[in-house]
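Trainee: Before we start, here is the structure in question, set down as structure tokens.
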Amino acid sequence: MLDPREFLISLFDAAVAAADADRAVRACLPQKPKGRTVVVGAGKGAAHLARALEHAWQGPLEGVVVTRYGYGVACENIEVLEAGHPVPDSAGLAASGRLLDAVSGLGKDDLVIALICGGGSSLLPAPAEELTLADEIELNKVLLSSGAPISAMNTIRKHVSRIKGGRLAVAAWPARVVSLIVSDIPGDNPAAVASGPTVADATGPAEALAAIRRYGISMPEKIIRHIEGRGSAAPLPNDPRLSRNTHQIIASSAVSLEAAAAKAMALGIPAVILSDSVEGEAREAANMHAAIAREVMNKNRPFSKPVVLLSGGETTVTISGSGKGGRNSEFLLSLALGIDGHDNIHALAADTDGIDGSEDNAGAFADGSTVARLRMAGVDPAAFLSNNDAWTAFNAVDDLFVPGPTGTNVNDFRAILLL
């Protein structure tokens, strides 16, 4: 007999394994330089990437990476720093300085290997010119509650920074920079991951201001003035100081979903990947997923059951309440309402880095009985969803999914099993 939760966990594990740092790094090692090899990195999986690089690299190397508190692992030659995420802090400010120092004074025969993954934006605060750390903290808080997609957030962030938007790569010139990137961005734009500290793009202040208007972001006036007046210093992709640099996506949601689909089929359940780049409000994305699930259960279309529906990407949450939770648990609470009473529907939504929002869970489980069980526990699921309090709801019925930090980050993983 198939245990639905064990099945869903096995798919999550397969997705995470496909983004394993050792496997991804070993397949993409650059050629050794004549000079020094300096490693810099930022993101929730940066320490695991650094350790993987040390294991795979034949020759001397040095450097420094920054990751979220609790995500560090021991390295021999690469220093691992920890800092605040999702809200920047003074440790992150110091880490930004350390990364900039690490690449300064290098020559054309030196090589910089940049290990970049999701979370790097918050972990690398470096306010530009007249701005302060407090300004960057306020900016992040506003962005995190805005409901804007991650690509728009990072377009804005890179125009108030001394390190994002390709500036770290410029600081390393004339050394060559090779960026190995684990993408958590729908569409896998390398310049958008961690706001592109080593990869420039063509978006300028006008695009940042347009994003603020498009998503109705209540931005501090000081930030607006900075973008309008001095936010144009980010290098463009054709900057000659970047001409020798290369970058490569070494892990992504698409690859992880394909691995999960293969695992499902090996276990005898057909799999369908709906999309690896789902964006938008988490609760609205859940409504669409629930509608597809009901269609399959009731009419055996557009897919025949049994089947598992897979999707990835990064949804968002416009925060209007005072509860606890992240986008994956909010997705699941909304999905639970959409599949209420439907037997043989089982779902898992989780962040592949192991942490959803600010709590210790990666996400949660839901099925056709979730809403009834929540009400028996004294939880009104619709009211808790309205208050952005999905963590408290799922905690009340012991349905949180807590695998711990995974060492990688290719963003949301969603699996809906229809039997």
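By order in the structure tokens, chains are A, B, ...; within a chain, residues start at 1; ligands start at 1, following the order shown.
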Could you build a table of the residues in range 68-167 of chain A lying no more than 12 Å from range 313-326 of chain A, giving for each the nearest pair of atoms and their separation in Å rounded to one decimal place, using only C-alpha atoms, ordered by chain and ascending residue number, as JSON lines?

Mentor:
{"residue": "A:Pro86", "atom": "CA", "partner": "A:Gly326", "partner_atom": "CA", "distance": 11.3}
{"residue": "A:Gly118", "atom": "CA", "partner": "A:Glu314", "partner_atom": "CA", "distance": 11.2}
{"residue": "A:Lys141", "atom": "CA", "partner": "A:Ile319", "partner_atom": "CA", "distance": 10.6}
{"residue": "A:Val142", "atom": "CA", "partner": "A:Ile319", "partner_atom": "CA", "distance": 10.0}
{"residue": "A:Leu143", "atom": "CA", "partner": "A:Thr318", "partner_atom": "CA", "distance": 9.5}
{"residue": "A:Leu144", "atom": "CA", "partner": "A:Thr318", "partner_atom": "CA", "distance": 8.0}
{"residue": "A:Ser145", "atom": "CA", "partner": "A:Ile319", "partner_atom": "CA", "distance": 5.0}
{"residue": "A:Ser146", "atom": "CA", "partner": "A:Thr318", "partner_atom": "CA", "distance": 5.2}
{"residue": "A:Gly147", "atom": "CA", "partner": "A:Thr318", "partner_atom": "CA", "distance": 4.0}
{"residue": "A:Ala148", "atom": "CA", "partner": "A:Thr316", "partner_atom": "CA", "distance": 6.8}
{"residue": "A:Pro149", "atom": "CA", "partner": "A:Thr316", "partner_atom": "CA", "distance": 6.3}
{"residue": "A:Ile150", "atom": "CA", "partner": "A:Glu314", "partner_atom": "CA", "distance": 7.5}
{"residue": "A:Ser151", "atom": "CA", "partner": "A:Glu314", "partner_atom": "CA", "distance": 9.9}
{"residue": "A:Ala152", "atom": "CA", "partner": "A:Thr316", "partner_atom": "CA", "distance": 11.5}
{"residue": "A:Met153", "atom": "CA", "partner": "A:Thr316", "partner_atom": "CA", "distance": 11.0}

Trainee: Go ahead and save the residues from that selection, with C-alpha atoms, as a CSV table (one decimal), in the first residue's frame.

Mentor:
chain,number,residue,atom,x,y,z
A,86,PRO,CA,15.3,37.4,5.3
A,118,GLY,CA,19.0,32.2,-3.4
A,141,LYS,CA,10.8,44.7,4.9
A,142,VAL,CA,8.7,46.7,2.5
A,143,LEU,CA,9.6,44.3,-0.4
A,144,LEU,CA,8.9,41.2,1.6
A,145,SER,CA,5.4,42.3,2.4
A,146,SER,CA,4.6,43.8,-1.0
A,147,GLY,CA,3.6,40.7,-2.9
A,148,ALA,CA,5.9,41.6,-5.8
A,149,PRO,CA,7.7,38.8,-7.6
A,150,ILE,CA,11.3,38.1,-6.7
A,151,SER,CA,12.5,39.4,-10.1
A,152,ALA,CA,11.0,42.8,-9.4
A,153,MET,CA,12.3,42.8,-5.9

Trainee: I'd like the neighbourhood of Asp89 in chain A as a PyMOL selection string, where a residue qualifies if any of its atoms comes within 10 Å (using only C-alpha atoms), though same-chain residues fewer than 6 positions away should be ignored.

Mentor: chain A and resi 83+95+122-125+133-134+136-137

Trainee: Tell me which protein, DNA and RNA residues are within 12 Å of Ser304 in chain A, counting only C-alpha atoms, leaving out same-chain ones fewer than 2 positions away, and put them as a ChimeraX atom specification.

Mentor: /A:269-272,292-302,306-309,417-419

Trainee: What residues in range 279-343 of chain A get the DSSP label alpha helix (DSSP H)? Please answer as a PyMOL selection string.

Mentor: chain A and resi 282-299+327-338

Trainee: Take the residues that were just selected and, keeping N, CA and C atoms, output them as a short mmCIF file (atom, residue, chain, number, x, y, z; two decimals), in the first residue's frame.

Mentor:
data_model
loop_
_atom_site.label_atom_id
_atom_site.label_comp_id
_atom_site.auth_asym_id
_atom_site.auth_seq_id
_atom_site.Cartn_x
_atom_site.Cartn_y
_atom_site.Cartn_z
N ALA A 282 0.39 33.31 -3.52
CA ALA A 282 0.38 31.89 -3.16
C ALA A 282 -1.03 31.34 -3.08
N ARG A 283 -1.94 32.08 -2.48
CA ARG A 283 -3.30 31.54 -2.31
C ARG A 283 -4.03 31.44 -3.65
N GLU A 284 -3.72 32.36 -4.59
CA GLU A 284 -4.35 32.29 -5.90
C GLU A 284 -3.76 31.14 -6.73
N ALA A 285 -2.44 30.95 -6.64
CA ALA A 285 -1.84 29.80 -7.31
C ALA A 285 -2.44 28.50 -6.78
N ALA A 286 -2.70 28.47 -5.47
CA ALA A 286 -3.31 27.28 -4.87
C ALA A 286 -4.71 27.04 -5.42
N ASN A 287 -5.46 28.10 -5.64
CA ASN A 287 -6.81 27.94 -6.19
C ASN A 287 -6.76 27.26 -7.56
N MET A 288 -5.79 27.66 -8.39
CA MET A 288 -5.68 27.04 -9.71
C MET A 288 -5.25 25.57 -9.59
N HIS A 289 -4.28 25.30 -8.72
CA HIS A 289 -3.87 23.91 -8.52
C HIS A 289 -5.05 23.06 -8.00
N ALA A 290 -5.83 23.62 -7.10
CA ALA A 290 -6.99 22.89 -6.56
C ALA A 290 -8.02 22.63 -7.64
N ALA A 291 -8.23 23.59 -8.53
CA ALA A 291 -9.20 23.41 -9.61
C ALA A 291 -8.76 22.28 -10.54
N ILE A 292 -7.48 22.22 -10.85
CA ILE A 292 -6.97 21.13 -11.70
C ILE A 292 -7.13 19.79 -10.98
N ALA A 293 -6.82 19.76 -9.69
CA ALA A 293 -6.94 18.51 -8.92
C ALA A 293 -8.39 18.02 -8.90
N ARG A 294 -9.33 18.93 -8.70
CA ARG A 294 -10.75 18.53 -8.68
C ARG A 294 -11.18 18.02 -10.05
N GLU A 295 -10.68 18.64 -11.11
CA GLU A 295 -11.05 18.21 -12.46
C GLU A 295 -10.56 16.79 -12.72
N VAL A 296 -9.36 16.51 -12.28
CA VAL A 296 -8.83 15.16 -12.45
C VAL A 296 -9.64 14.15 -11.64
N MET A 297 -9.93 14.49 -10.38
CA MET A 297 -10.65 13.56 -9.52
C MET A 297 -12.09 13.32 -9.99
N ASN A 298 -12.75 14.39 -10.47
CA ASN A 298 -14.16 14.28 -10.82
C ASN A 298 -14.40 13.80 -12.24
N LYS A 299 -13.50 14.19 -13.17
CA LYS A 299 -13.76 13.92 -14.60
C LYS A 299 -12.61 13.22 -15.31
N ARG A 327 5.31 31.36 2.14
CA ARG A 327 4.47 31.24 0.96
C ARG A 327 4.01 29.80 0.73
N ASN A 328 4.82 28.79 1.10
CA ASN A 328 4.42 27.41 0.85
C ASN A 328 3.33 26.95 1.81
N SER A 329 3.44 27.33 3.07
CA SER A 329 2.38 26.96 4.00
C SER A 329 1.10 27.73 3.68
N GLU A 330 1.22 28.98 3.21
CA GLU A 330 0.03 29.72 2.80
C GLU A 330 -0.62 29.06 1.58
N PHE A 331 0.21 28.65 0.63
CA PHE A 331 -0.30 27.90 -0.53
C PHE A 331 -1.09 26.68 -0.06
N LEU A 332 -0.53 25.92 0.86
CA LEU A 332 -1.18 24.68 1.32
C LEU A 332 -2.49 24.93 2.04
N LEU A 333 -2.54 26.01 2.84
CA LEU A 333 -3.78 26.30 3.55
C LEU A 333 -4.88 26.68 2.57
N SER A 334 -4.53 27.46 1.55
CA SER A 334 -5.50 27.80 0.52
C SER A 334 -5.91 26.56 -0.28
N LEU A 335 -4.93 25.70 -0.60
CA LEU A 335 -5.24 24.47 -1.32
C LEU A 335 -6.16 23.58 -0.50
N ALA A 336 -5.91 23.50 0.81
CA ALA A 336 -6.75 22.67 1.67
C ALA A 336 -8.21 23.08 1.58
N LEU A 337 -8.45 24.38 1.53
CA LEU A 337 -9.82 24.86 1.39
C LEU A 337 -10.40 24.45 0.03
N GLY A 338 -9.55 24.43 -1.00
CA GLY A 338 -10.01 24.10 -2.34
C GLY A 338 -10.26 22.62 -2.57
#

Trainee: If we count only C-alpha atoms and set the cut-off at 10 Å, which residues sit around Trp173 in chain A, ignoring sequence neighbours fewer than 5 positions away in its own chain? Please answer as JSON, numbers by chain.

Mentor: {"A": [103, 104, 105, 106, 107, 108, 110, 111, 112, 168, 240, 241, 242, 243, 244, 245]}

Trainee: From a DSSP calculation on the backbone, collect every residue of range 233-335 of chain A in strand (DSSP E or B) and output the set as a list in words.

Mentor: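 Those residues are Thr246, His247, Gln248, Ile249, Ile250, Ala251, Ala271, Val272, Ile273, Leu274, Ser275, Asp276, Ser277, Val278, Glu281, Val307, Val308, Leu309, Leu310, Ser311, Gly312, Gly313, Thr316 and Thr318 of chain A.
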
Trainee: For the residues selected in the previous step, produce a file with C-alpha atoms as a short mmCIF file (atom, residue, chain, number, x, y, z; two decimals), in the first residue's frame.

Mentor:
data_model
loop_
_atom_site.label_atom_id
_atom_site.label_comp_id
_atom_site.auth_asym_id
_atom_site.auth_seq_id
_atom_site.Cartn_x
_atom_site.Cartn_y
_atom_site.Cartn_z
CA THR A 246 31.36 33.65 -17.46
CA HIS A 247 28.40 32.27 -15.54
CA GLN A 248 26.52 28.98 -15.44
CA ILE A 249 23.29 27.77 -13.86
CA ILE A 250 24.37 24.57 -12.10
CA ALA A 251 21.04 23.67 -10.46
CA ALA A 271 3.88 12.44 -13.03
CA VAL A 272 3.01 15.69 -14.77
CA ILE A 273 5.08 18.86 -14.42
CA LEU A 274 2.64 21.76 -14.63
CA SER A 275 5.36 24.44 -14.62
CA ASP A 276 8.76 25.16 -13.10
CA SER A 277 8.08 28.91 -12.94
CA VAL A 278 4.80 29.52 -11.13
CA GLU A 281 -0.03 35.22 -4.95
CA VAL A 307 -1.13 10.95 -11.12
CA VAL A 308 1.06 13.36 -9.22
CA LEU A 309 1.03 17.02 -10.26
CA LEU A 310 4.36 18.81 -9.80
CA SER A 311 5.20 22.50 -9.97
CA GLY A 312 7.95 24.89 -8.96
CA GLY A 313 8.79 28.58 -9.12
CA THR A 316 4.52 35.56 -3.18
CA THR A 318 1.07 40.15 0.20
#

Trainee: In Å, how far is it from CA of Ala349 in chain A to CA of Gly368 in chain A?

Mentor: 14.9 Å

Trainee: Within 8 Å of Asp184 in chain A, counting only C-alpha atoms, which residues show up once you throw out same-chain ones fewer than 3 positions away? Write them as JSON, numbers by chain, please.

Mentor: {"A": [117, 118, 188, 193, 252, 253, 313, 314, 409, 410, 411]}

Trainee: Can those selected residues be exported to a file as a compact mmCIF listing (two decimals), in the first residue's frame so that it contains N, CA and C atoms?

Mentor:
# COMPACT_ATOMS: atom_id res chain seq x y z
N CYS A 117 23.60 31.78 -4.79
CA CYS A 117 22.31 31.10 -4.73
C CYS A 117 21.30 31.96 -3.99
N GLY A 118 20.06 31.49 -3.95
CA GLY A 118 18.97 32.25 -3.36
C GLY A 118 19.23 32.63 -1.92
N ASP A 188 15.10 31.40 -14.49
CA ASP A 188 16.54 31.17 -14.34
C ASP A 188 17.41 32.29 -14.93
N VAL A 193 19.40 36.16 -9.69
CA VAL A 193 19.65 35.35 -8.50
C VAL A 193 20.50 36.15 -7.52
N SER A 252 18.66 24.02 -10.77
CA SER A 252 17.46 24.84 -10.96
C SER A 252 16.21 24.03 -10.63
N SER A 253 15.10 24.74 -10.56
CA SER A 253 13.82 24.09 -10.30
C SER A 253 13.47 23.08 -11.38
N GLY A 313 8.84 27.13 -8.96
CA GLY A 313 8.79 28.58 -9.12
C GLY A 313 8.85 29.27 -7.79
N GLU A 314 8.31 30.46 -7.71
CA GLU A 314 8.28 31.19 -6.44
C GLU A 314 7.04 32.06 -6.37
N ASN A 409 18.99 25.41 -2.74
CA ASN A 409 17.82 26.30 -2.81
C ASN A 409 17.43 26.50 -4.26
N VAL A 410 16.46 25.71 -4.73
CA VAL A 410 15.90 25.93 -6.06
C VAL A 410 14.42 26.28 -5.94
N ASN A 411 14.08 26.85 -4.82
CA ASN A 411 12.79 27.46 -4.55
C ASN A 411 11.66 26.47 -4.31

Trainee: Compare A:Ala347, A:Ala262, A:Val64, A:Ala393 by their minimum atom-to-atom distance to Pro381 in chain A, counting only C-alpha atoms, and give me the closest one.

Mentor: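 That would be A:Ala393, the residue with the smallest distance to Pro381 in chain A.
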
Trainee: Show me, as an NGL selection string, the residues that have an atom within 9 Å of Thr37 in chain A when counting only C-alpha atoms, minus same-chain residues fewer than 5 positions from it.

Mentor: :A and (32 or 59-63 or 110-113)

Trainee: Based on the selection just made, write C-alpha atoms of those residues as a PDB file, in the first residue's frame.

Mentor:
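File written: result.pdb
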ATOM      1  CA  LYS A  32      42.765  26.513 -13.057  1.00  0.00           C
ATOM      2  CA  GLY A  59      45.025  23.065  -5.980  1.00  0.00           C
ATOM      3  CA  PRO A  60      45.169  25.981  -3.561  1.00  0.00           C
ATOM      4  CA  LEU A  61      42.192  28.245  -3.026  1.00  0.00           C
ATOM      5  CA  GLU A  62      41.016  30.806  -0.493  1.00  0.00           C
ATOM      6  CA  GLY A  63      38.036  33.030   0.095  1.00  0.00           C
ATOM      7  CA  ASP A 110      43.816  35.409 -10.918  1.00  0.00           C
ATOM      8  CA  LEU A 111      40.469  33.618 -10.864  1.00  0.00           C
ATOM      9  CA  VAL A 112      37.422  34.406  -8.759  1.00  0.00           C
ATOM     10  CA  ILE A 113      34.872  31.606  -8.367  1.00  0.00           C
TER      11      ILE A 113
END

Trainee: Can you work out the spacing between CA of Val25 in chain A and CA of Ala260 in chain A in Å, to one decimal?

Mentor: 20.3 Å

Trainee: A:Ala194, A:Leu11, A:Ile163, A:Ala102: which is nearest Thr67 in chain A, counting only C-alpha atoms?

Mentor: A:Ala194

Trainee: Which residues are close to Phe12 in chain A, i.e. within 12 Å by only C-alpha atoms, leaving aside same-chain residues fewer than 3 positions away? Reply as number ranges by chain.

Mentor: A: 5-9, 15-19, 253, 256-264, 310-312, 347-354, 362-364, 401-403, 406, 410-416
